[in-house]
Amino acid sequence: MKGDHEVIFVTNHIQNMNRTIVMLLLTLLGSSLESVAAPTLPETANVRGLLLAAIDSRDGTAQAWLIGDMAQKLKSDTKAPPNTRVKASVTTVQVIRPGCKRLRLVLGMPDHKMRTVNGTMEPFSMFYELNLCRDGQPPQVSPVGTGEVR
């Protein structure tokens, strides 16, 4: 009888070890698959193109690393180290009509911290909001989504 309990204990212990090993392997495999499957952000010097991409995207967003003159100016003005990257993220705040949206453009430097008015150090971030249509015009003058042809 005592031997049966030992066999059951050993069997349960091995099953628990196997579950632990399987979970560990799945965790490791999952994290490596995430790093392989995780899309890297594209680079762009064209914020306008990013704004237009958000208008047409299914989820109303677009993001990229900003390069070129605008990124250099932002880094220079904030005294960021030369290797600092500027991330541009666009989200839809409101759909005005088909093809026209209110967009929020966030320009941030996740690795460059600056002192706030409260004295804390936070990653640099600034945003703009604007109304824009697929043709690059504001909704007040754009025929996009109105049925008009100009």
# chains A, B, ... in the order shown; residues from 1 in each chain; ligands from 1
>>> residues_around(residues="Thr78 in chain A", least_positions_apart="3", cutoff="9 Å", atoms="only C-alpha atoms", output="PyMOL selection string")
chain A and resi 73-75+112+114+124
>>> write_last_selection(atoms="C-alpha atoms", output="compact mmCIF listing (two decimals), in the first residue's frame")
# COMPACT_ATOMS: atom_id res chain seq x y z
CA LYS A 73 14.96 70.43 -35.54
CA LEU A 74 12.97 68.86 -32.73
CA LYS A 75 16.06 67.16 -31.30
CA HIS A 112 14.82 61.65 -23.96
CA MET A 114 13.01 66.47 -19.80
CA PHE A 124 9.48 64.41 -24.19
>>> residues_around(residues="Ser125 in chain A", least_positions_apart="2", cutoff="8 Å", atoms="only C-alpha atoms", output="PyMOL selection string")
chain A and resi 106-110+123+127
>>> closest_residue(among="A:Ala80, A:Ala71, A:Ala88, A:Ile96", to="Ile55 in chain A", atoms="only C-alpha atoms")
A:Ile96
>>> select_by_dssp(residues="range 51-134 of chain A", states="strand (DSSP E or B)", output="ChimeraX atom specification")
/A:61-66,86-97,100-115,121-133
>>> closest_residue(among="A:Val144, A:Thr91, A:Ser76, A:Ala45", to="Gln63 in chain A", atoms="only C-alpha atoms")
A:Thr91
>>> residues_around(residues="Glu129 in chain A", least_positions_apart="2", cutoff="10 Å", atoms="only C-alpha atoms", output="list in words")
Val90, Thr91, Thr92, Val93, Arg102, Leu103, Arg104, Leu105, Val106, Phe127, Asn131 and Leu132 of chain A
>>> atom_distance(atom1="CA of Gln94 in chain A", atom2="CA of Gly136 in chain A")
16.5 Å
>>> atom_distance(atom1="CA of Ala64 in chain A", atom2="CA of Val86 in chain A")
8.7 Å
>>> closest_residue(among="A:Pro139, A:Pro42, A:Gly99, A:Gly145", to="Trp65 in chain A", atoms="only C-alpha atoms")
A:Pro42
>>> closest_residue(among="A:Gly68, A:Pro82, A:Pro98, A:Pro138", to="Asp111 in chain A", atoms="only C-alpha atoms")
A:Pro82
>>> atom_distance(atom1="CA of Gly49 in chain A", atom2="CA of Glu122 in chain A")
28.3 Å
